[in-house]
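Content type compact mmCIF, C-alpha atoms, from the file final_26.txt:
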# COMPACT_ATOMS: atom_id res chain seq x y z
CA MET P 1 -198.36 68.13 -96.69
CA PRO P 2 -199.95 71.04 -98.59
CA PHE P 3 -197.79 71.95 -101.57
CA ALA P 4 -197.03 75.49 -100.46
CA ARG P 5 -195.38 74.18 -97.27
CA LEU P 6 -192.49 72.78 -99.28
CA ALA P 7 -191.24 76.30 -99.94
CA THR P 8 -190.92 77.04 -96.23
CA ALA P 9 -189.88 73.60 -94.99
CA THR P 10 -187.05 73.71 -92.46
CA THR P 11 -185.59 70.24 -93.01
CA PRO P 12 -182.82 70.71 -95.60
CA THR P 13 -183.70 67.73 -97.75
CA CYS P 14 -187.32 68.86 -97.99
CA HIS P 15 -185.98 71.47 -100.39
CA ILE P 16 -184.69 68.71 -102.67
CA GLY P 17 -187.21 66.74 -104.71
CA LEU P 18 -186.82 63.63 -106.85
CA GLY P 19 -187.67 63.86 -110.54
CA LEU P 20 -188.41 60.64 -112.39
CA ALA P 21 -187.51 61.66 -115.95
CA ALA P 22 -184.34 59.54 -115.95
CA VAL P 23 -185.89 56.31 -114.68
CA GLY P 24 -189.47 56.30 -115.97
CA ARG P 25 -188.40 55.37 -119.51
CA PRO P 26 -185.42 53.57 -121.08
CA GLY P 27 -184.12 56.55 -123.06
CA TYR P 28 -183.24 60.08 -121.93
CA ILE P 29 -180.65 62.77 -122.69
CA ASN P 30 -178.68 62.64 -119.42
CA LEU P 31 -174.97 61.98 -119.88
CA GLY P 32 -173.69 58.69 -118.46
CA ARG P 33 -176.91 56.70 -118.71
CA ASP P 34 -175.16 53.69 -120.26
CA ARG P 35 -173.07 53.41 -117.10
CA ASP P 36 -175.94 54.29 -114.73
CA LEU P 37 -178.61 51.94 -116.07
CA GLY P 38 -176.69 49.20 -117.84
CA GLU P 39 -178.25 47.02 -120.49
CA ASP P 40 -181.42 45.93 -118.69
CA ARG P 41 -183.95 48.68 -119.44
CA SER P 42 -187.01 46.43 -119.13
CA VAL P 43 -190.19 47.78 -117.59
CA GLU P 44 -189.71 45.67 -114.48
CA ALA P 45 -186.05 46.65 -114.10
CA LEU P 46 -186.90 50.34 -114.21
CA ARG P 47 -189.91 49.85 -111.96
CA THR P 48 -187.65 48.22 -109.35
CA ARG P 49 -185.03 50.95 -109.75
CA THR P 50 -187.66 53.68 -109.37
CA HIS P 51 -189.04 52.11 -106.21
CA GLU P 52 -185.54 51.81 -104.74
CA LEU P 53 -184.92 55.49 -105.45
CA LEU P 54 -188.25 56.51 -103.95
CA ASP P 55 -187.57 54.46 -100.82
CA ALA P 56 -184.11 55.95 -100.42
CA ALA P 57 -185.32 59.49 -101.06
CA TYR P 58 -188.17 59.22 -98.58
CA ALA P 59 -185.91 57.70 -95.92
CA GLN P 60 -183.57 60.69 -96.29
CA GLY P 61 -186.25 63.34 -95.98
CA VAL P 62 -187.24 64.04 -99.58
CA ARG P 63 -190.93 64.88 -99.74
CA TYR P 64 -191.58 66.02 -103.31
CA PHE P 65 -191.76 63.57 -106.23
CA ASP P 66 -192.09 64.75 -109.83
CA ALA P 67 -193.41 62.77 -112.80
CA ALA P 68 -194.97 63.51 -116.20
CA ARG P 69 -197.18 61.85 -118.78
CA SER P 70 -194.23 61.82 -121.18
CA TYR P 71 -191.80 60.20 -118.73
CA GLY P 72 -192.71 56.73 -119.96
CA ARG P 73 -194.25 54.85 -117.03
CA SER P 74 -193.16 57.24 -114.30
CA GLU P 75 -196.69 57.89 -113.06
CA GLU P 76 -197.40 54.14 -113.03
CA PHE P 77 -194.22 53.38 -111.10
CA LEU P 78 -194.96 56.14 -108.59
CA ALA P 79 -198.56 54.99 -108.21
CA ASP P 80 -197.44 51.42 -107.53
CA TRP P 81 -195.02 52.66 -104.90
CA LEU P 82 -197.71 54.74 -103.19
CA LYS P 83 -200.20 51.86 -103.14
CA ALA P 84 -197.65 49.59 -101.48
CA ARG P 85 -197.02 52.21 -98.78
CA PRO P 86 -200.42 53.49 -97.62
CA GLY P 87 -198.89 55.11 -94.54
CA VAL P 88 -196.84 57.52 -96.64
CA ASP P 89 -199.12 60.54 -96.48
CA ASP P 90 -196.68 63.40 -95.88
CA ILE P 91 -195.40 63.79 -99.44
CA VAL P 92 -196.30 66.03 -102.36
CA VAL P 93 -196.86 64.43 -105.78
CA GLY P 94 -196.53 66.46 -108.96
CA SER P 95 -196.96 65.51 -112.60
CA LYS P 96 -197.15 67.26 -115.94
CA TRP P 97 -199.25 67.14 -119.09
CA GLY P 98 -198.63 68.46 -122.59
CA TYR P 99 -196.25 65.87 -124.05
CA THR P 100 -197.26 62.37 -125.14
CA TYR P 101 -194.67 59.59 -124.84
CA THR P 102 -194.19 58.00 -128.27
CA ALA P 103 -190.95 55.97 -128.06
CA GLY P 104 -192.62 52.60 -127.45
CA TRP P 105 -190.05 51.74 -124.76
CA ARG P 106 -187.16 52.08 -127.22
CA THR P 107 -184.00 54.16 -126.91
CA ASP P 108 -183.59 54.55 -130.68
CA ALA P 109 -187.06 55.89 -131.49
CA GLU P 110 -187.27 58.63 -134.11
CA ALA P 111 -189.45 60.70 -131.75
CA HIS P 112 -189.61 60.15 -128.00
CA GLU P 113 -192.42 62.58 -127.25
CA ILE P 114 -194.88 64.87 -129.03
CA LYS P 115 -195.90 68.24 -127.64
CA ASP P 116 -199.48 69.53 -127.67
CA HIS P 117 -200.86 72.11 -125.24
CA GLY P 118 -204.41 71.99 -126.56
CA LEU P 119 -207.51 71.50 -124.44
CA ALA P 120 -208.20 68.03 -125.86
CA THR P 121 -204.75 66.84 -124.82
CA TYR P 122 -205.22 68.25 -121.33
CA LEU P 123 -208.58 66.48 -120.88
CA ARG P 124 -207.18 63.17 -122.17
CA GLN P 125 -204.02 63.27 -120.13
CA ARG P 126 -205.77 64.54 -117.00
CA ALA P 127 -207.99 61.45 -117.15
CA GLU P 128 -204.95 59.20 -117.69
CA THR P 129 -203.13 60.72 -114.73
CA ALA P 130 -206.23 60.47 -112.55
CA GLU P 131 -206.58 56.79 -113.36
CA LEU P 132 -203.07 56.14 -112.04
CA LEU P 133 -202.58 58.65 -109.23
CA GLY P 134 -206.16 59.45 -108.22
CA ASP P 135 -206.40 61.80 -105.27
CA ARG P 136 -202.67 61.44 -104.52
CA LEU P 137 -201.91 64.04 -107.21
CA ASP P 138 -201.24 67.42 -105.62
CA LEU P 139 -199.73 69.43 -108.48
CA TYR P 140 -200.45 69.31 -112.22
CA GLN P 141 -198.22 71.36 -114.48
CA ILE P 142 -198.31 72.35 -118.13
CA HIS P 143 -195.16 70.77 -119.54
CA SER P 144 -192.55 73.08 -121.11
CA VAL P 145 -194.40 76.31 -121.79
CA THR P 146 -192.68 78.67 -124.23
CA PRO P 147 -193.67 82.28 -125.04
CA GLY P 148 -195.68 81.15 -128.06
CA SER P 149 -197.51 78.32 -126.32
CA PRO P 150 -201.28 78.33 -126.87
CA ALA P 151 -201.60 77.37 -123.20
CA LEU P 152 -200.93 81.02 -122.36
CA THR P 153 -203.91 82.33 -124.35
CA ASP P 154 -206.49 79.51 -124.48
CA LYS P 155 -209.38 80.76 -122.31
CA GLU P 156 -211.22 77.43 -122.45
CA LEU P 157 -208.14 75.66 -121.15
CA HIS P 158 -207.74 78.29 -118.45
CA ALA P 159 -211.32 77.71 -117.33
CA GLU P 160 -210.74 73.95 -117.07
CA LEU P 161 -207.54 74.48 -115.09
CA ALA P 162 -209.25 76.97 -112.78
CA GLU P 163 -212.03 74.45 -112.14
CA ALA P 164 -209.43 71.81 -111.23
CA ALA P 165 -207.81 74.33 -108.89
CA ALA P 166 -211.16 75.05 -107.28
CA ARG P 167 -211.44 71.33 -106.51
CA GLY P 168 -208.11 71.43 -104.66
CA LEU P 169 -205.50 70.66 -107.31
CA THR P 170 -202.52 73.02 -107.48
CA VAL P 171 -202.03 74.23 -111.06
CA GLY P 172 -198.57 75.12 -112.34
CA PHE P 173 -196.38 75.20 -115.42
CA SER P 174 -192.85 74.31 -116.44
CA THR P 175 -190.69 76.09 -118.99
CA SER P 176 -187.84 75.27 -121.33
CA GLY P 177 -185.78 76.92 -124.02
CA PRO P 178 -183.71 80.10 -124.25
CA ALA P 179 -186.74 82.36 -123.66
CA GLN P 180 -187.78 80.88 -120.32
CA ALA P 181 -187.89 84.31 -118.68
CA ASP P 182 -190.38 85.58 -121.28
CA ALA P 183 -192.58 82.50 -120.80
CA ILE P 184 -192.54 82.90 -117.02
CA ARG P 185 -193.53 86.55 -117.16
CA ALA P 186 -196.31 85.81 -119.66
CA ALA P 187 -197.65 83.04 -117.42
CA LEU P 188 -197.63 85.33 -114.40
CA ALA P 189 -200.08 87.58 -116.26
CA VAL P 190 -202.63 84.78 -116.85
CA THR P 191 -205.72 85.25 -114.70
CA VAL P 192 -209.16 83.72 -114.43
CA GLY P 193 -211.78 85.92 -112.84
CA SER P 194 -209.07 88.41 -111.85
CA GLU P 195 -207.20 85.69 -109.90
CA PRO P 196 -203.76 84.37 -110.97
CA LEU P 197 -204.12 80.91 -112.50
CA PHE P 198 -200.73 79.43 -111.71
CA ARG P 199 -199.36 78.71 -108.24
CA THR P 200 -196.05 77.05 -109.18
CA VAL P 201 -193.37 77.37 -111.84
CA GLN P 202 -190.78 74.72 -112.72
CA ALA P 203 -187.83 75.95 -114.76
CA THR P 204 -184.32 75.03 -115.81
CA TYR P 205 -181.70 76.90 -113.79
CA ASN P 206 -178.13 75.86 -113.20
CA VAL P 207 -174.54 77.07 -113.17
CA LEU P 208 -174.46 77.07 -116.98
CA ASP P 209 -177.86 78.70 -117.60
CA THR P 210 -178.91 81.35 -115.11
CA SER P 211 -181.02 83.36 -117.56
CA ALA P 212 -184.37 82.56 -115.89
CA GLY P 213 -183.17 83.77 -112.49
CA PRO P 214 -184.69 87.29 -112.47
CA ALA P 215 -188.06 86.04 -113.72
CA LEU P 216 -188.07 83.24 -111.14
CA ALA P 217 -187.38 85.82 -108.44
CA GLU P 218 -190.41 87.76 -109.71
CA ALA P 219 -192.53 84.61 -109.63
CA HIS P 220 -191.45 83.94 -106.05
CA GLU P 221 -192.29 87.51 -105.10
CA ALA P 222 -195.73 87.03 -106.68
CA GLY P 223 -196.35 84.06 -104.38
CA LEU P 224 -195.54 81.13 -106.65
CA THR P 225 -193.50 78.18 -105.43
CA VAL P 226 -190.42 77.80 -107.64
CA ILE P 227 -189.27 74.31 -108.58
CA VAL P 228 -185.89 74.05 -110.30
CA LYS P 229 -185.19 71.27 -112.79
CA GLU P 230 -182.00 70.27 -114.58
CA GLY P 231 -179.80 71.69 -111.85
CA MET P 232 -176.98 69.51 -113.18
CA ALA P 233 -177.57 70.44 -116.83
CA ASN P 234 -178.42 66.87 -117.88
CA GLY P 235 -175.12 65.60 -116.48
CA ARG P 236 -172.87 68.38 -117.78
CA LEU P 237 -172.21 69.43 -114.16
CA ALA P 238 -171.61 65.93 -112.78
CA GLY P 239 -168.46 63.87 -112.42
CA PRO P 240 -165.92 64.05 -115.24
CA HIS P 241 -168.22 66.19 -117.39
CA ALA P 242 -168.21 69.09 -114.91
CA PRO P 243 -166.13 72.20 -115.61
CA ALA P 244 -162.80 72.43 -113.78
CA ALA P 245 -164.05 75.18 -111.46
CA VAL P 246 -166.91 72.97 -110.24
CA ARG P 247 -164.63 69.98 -109.75
CA ALA P 248 -162.11 72.10 -107.81
CA LEU P 249 -164.77 73.30 -105.38
CA ALA P 250 -166.07 69.75 -105.02
CA ASP P 251 -162.60 68.39 -104.30
CA GLY P 252 -162.06 71.08 -101.70
CA ALA P 253 -165.31 70.12 -99.97
CA GLY P 254 -164.70 66.38 -100.27
CA LEU P 255 -167.98 65.99 -102.16
CA GLY P 256 -169.17 65.37 -105.69
CA ALA P 257 -169.46 68.00 -108.40
CA ASP P 258 -173.18 67.28 -108.47
CA ALA P 259 -173.56 68.38 -104.84
CA VAL P 260 -171.80 71.67 -105.58
CA ALA P 261 -173.96 72.25 -108.67
CA LEU P 262 -177.19 71.68 -106.74
CA ALA P 263 -175.95 73.72 -103.78
CA TYR P 264 -175.50 76.67 -106.14
CA VAL P 265 -179.22 76.47 -106.96
CA LEU P 266 -180.30 75.91 -103.36
CA ARG P 267 -178.52 79.15 -102.47
CA ARG P 268 -181.05 81.15 -104.51
CA PRO P 269 -183.54 82.71 -102.05
CA TRP P 270 -186.40 82.07 -104.46
CA ALA P 271 -185.71 78.34 -104.95
CA GLY P 272 -188.44 76.42 -103.13
CA VAL P 273 -187.63 72.91 -104.38
CA VAL P 274 -184.60 71.76 -106.37
CA LEU P 275 -184.99 68.48 -108.24
CA SER P 276 -182.52 65.63 -108.21
CA GLY P 277 -182.66 63.59 -111.40
CA ALA P 278 -180.72 60.69 -109.92
CA ALA P 279 -180.78 57.34 -111.70
CA THR P 280 -179.04 55.42 -108.89
CA THR P 281 -179.26 55.50 -105.11
CA ALA P 282 -175.56 56.42 -104.96
CA GLN P 283 -176.23 59.45 -107.15
CA LEU P 284 -179.17 60.40 -104.96
CA ALA P 285 -177.04 60.23 -101.81
CA SER P 286 -174.42 62.43 -103.46
CA ASN P 287 -177.06 64.90 -104.64
CA LEU P 288 -178.49 65.21 -101.14
CA HIS P 289 -175.13 66.40 -99.83
CA ALA P 290 -175.95 69.66 -101.61
CA ALA P 291 -177.85 70.67 -98.49
CA VAL P 292 -174.62 70.90 -96.49
CA VAL P 293 -172.27 72.44 -99.08
CA ASP P 294 -170.89 75.78 -97.88
CA LEU P 295 -170.81 78.20 -100.82
CA ASP P 296 -169.65 81.63 -99.72
CA ASP P 297 -169.77 84.69 -101.96
CA GLU P 298 -166.29 84.07 -103.39
CA ARG P 299 -167.03 80.45 -104.33
CA THR P 300 -170.39 81.44 -105.76
CA ALA P 301 -168.74 84.12 -107.90
CA ARG P 302 -166.41 81.47 -109.37
CA LEU P 303 -169.48 79.51 -110.43
CA ASP P 304 -171.29 82.59 -111.70
CA ALA P 305 -168.48 83.06 -114.23
CA LEU P 306 -169.38 79.76 -115.93
CA ALA P 307 -172.77 80.92 -117.23
CA GLU P 308 -173.33 80.56 -120.97
CA ALA P 309 -175.58 82.55 -123.27
CA PRO P 310 -179.00 80.85 -123.12
CA GLU P 311 -179.09 80.34 -126.89
CA ALA P 312 -175.76 78.49 -126.77
CA TYR P 313 -176.80 76.45 -123.73
CA TRP P 314 -180.08 75.29 -125.27
CA ALA P 315 -178.50 74.60 -128.65
CA ARG P 316 -176.04 72.24 -126.96
CA ARG P 317 -178.81 70.64 -124.93
CA GLY P 318 -180.72 70.02 -128.14
CA ARG P 319 -177.76 68.07 -129.52
CA LEU P 320 -177.51 65.69 -126.55
CA PRO P 321 -178.30 62.14 -127.72
CA TRP P 322 -180.99 59.95 -126.23
CA HIS P 323 -179.28 57.05 -124.48

Give the structure from the file, written as structure tokens.
Amino acid sequence: MPFARLATATTPTCHIGLGLAAVGRPGYINLGRDRDLGEDRSVEALRTRTHELLDAAYAQGVRYFDAARSYGRSEEFLADWLKARPGVDDIVVGSKWGYTYTAGWRTDAEAHEIKDHGLATYLRQRAETAELLGDRLDLYQIHSVTPGSPALTDKELHAELAEAAARGLTVGFSTSGPAQADAIRAALAVTVGSEPLFRTVQATYNVLDTSAGPALAEAHEAGLTVIVKEGMANGRLAGPHAPAAVRALADGAGLGADAVALAYVLRRPWAGVVLSGAATTAQLASNLHAAVVDLDDERTARLDALAEAPEAYWARRGRLPWH
């Protein structure tokens, strides 16, 4: 399935992808991980959990799977799953480079990942990803671009990325931080030989942080496929952590708060793929109900009112502990 087809897919769950940040490593900042994962965070336990999630997602129509070099062993787990299922050839596989995982499979590490958007890191991590995923990789994204990232101005890096694109790899970027909109607009201006370099953008957008919305609409209008991450705000929009307005709408629909939160994102006309960050198959099933949530203008307006200033949102995100 060529990557661009995901943005126009007609099956509802094709617009929901599965991100592996929460299960590719023992520690992450999602709320509720102690309950979700339990005490066994061994490599084999998380490998088994990842494969169960991938099986369940594929069976329910999900066709985009998202990993990263810094998500512990996420690429390895995904590669193992693909090798065991050679007939699965209708999916899109994305990964990201730019962060190096440094936690050593611990939840209490001083630093879990180190960021570097330099050319040397790209070449090293591209080789590492290729060794695991080979020609199954469809999309390679720069991980968490900010307005000051050297990845936006490094012409040598741009040339390497353009060469990879010429060989058939889709090149994209993800963003993070309170200035996501500025980073997106700067990336849209990056060209190689008068041609835009990037074909996809992955950004945080949810009920609590809608600040990237206008820039994502511009990216969509420019022809990029938009992938939305952190649609549940790292668990702040799920279960008991969700604001009362989200829980009330969920109760009225007979669904989970997570489904309402993801439905809010799916309602954006520019949202091509919205990622589930489920850590359990039950969470995944609940997330997938987002495709059938009916959010009219009045209900959407009630959710619009929950948006925070991006600086406040990202400051709180930065204080979330690694569990």

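The interatomic distance for the pair CA of Ala263 (chain P) and CA of Ala215 (chain P) works out to 19.9 Å.
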
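Distances to Arg247 (chain P) were evaluated for P:His158, P:Glu110, P:Tyr140, P:Ala261 using only C-alpha atoms, and the minimum falls at P:Ala261.
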
Pick from P:Ala257, P:Leu320, P:Ala279, P:Leu224, whichever lies nearest to Ala56 (chain P) using all atoms listed in the file: P:Ala279

Polymer residues at most 12 Å from (-199.8, 57.9, -98.3) by all atoms listed in the file, as a count of residues only: 24

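Taking CA of Ala165 (chain P) as the reference point, CA of Leu119 (chain P) is found at 15.8 Å.
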
Residues within 10 Å of (-170.3, 53.0, -111.1), file coords, only C-alpha atoms, listed as a ChimeraX atom specification: /P:32,35-37,280,282-283

What does the file look like for those residues with C-alpha atoms, as a PDB file, in the coordinates of the input?
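Listed below is the output, out-v1.pdb:
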ATOM      1  CA  GLY P  32    -173.690  58.690-118.460  1.00  0.00           C
ATOM      2  CA  ARG P  35    -173.070  53.410-117.100  1.00  0.00           C
ATOM      3  CA  ASP P  36    -175.940  54.290-114.730  1.00  0.00           C
ATOM      4  CA  LEU P  37    -178.610  51.940-116.070  1.00  0.00           C
ATOM      5  CA  THR P 280    -179.040  55.420-108.890  1.00  0.00           C
ATOM      6  CA  ALA P 282    -175.560  56.420-104.960  1.00  0.00           C
ATOM      7  CA  GLN P 283    -176.230  59.450-107.150  1.00  0.00           C
TER       8      GLN P 283
END

Coordinates-based distance that separates CA of Asp40 (chain P) from CA of Val23 (chain P) (Å, one decimal): 12.0 Å

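Nearest residue to Arg299 (chain P) among P:Arg267, P:Arg317, P:His51, P:Arg236 is P:Arg267, counting all atoms listed in the file.
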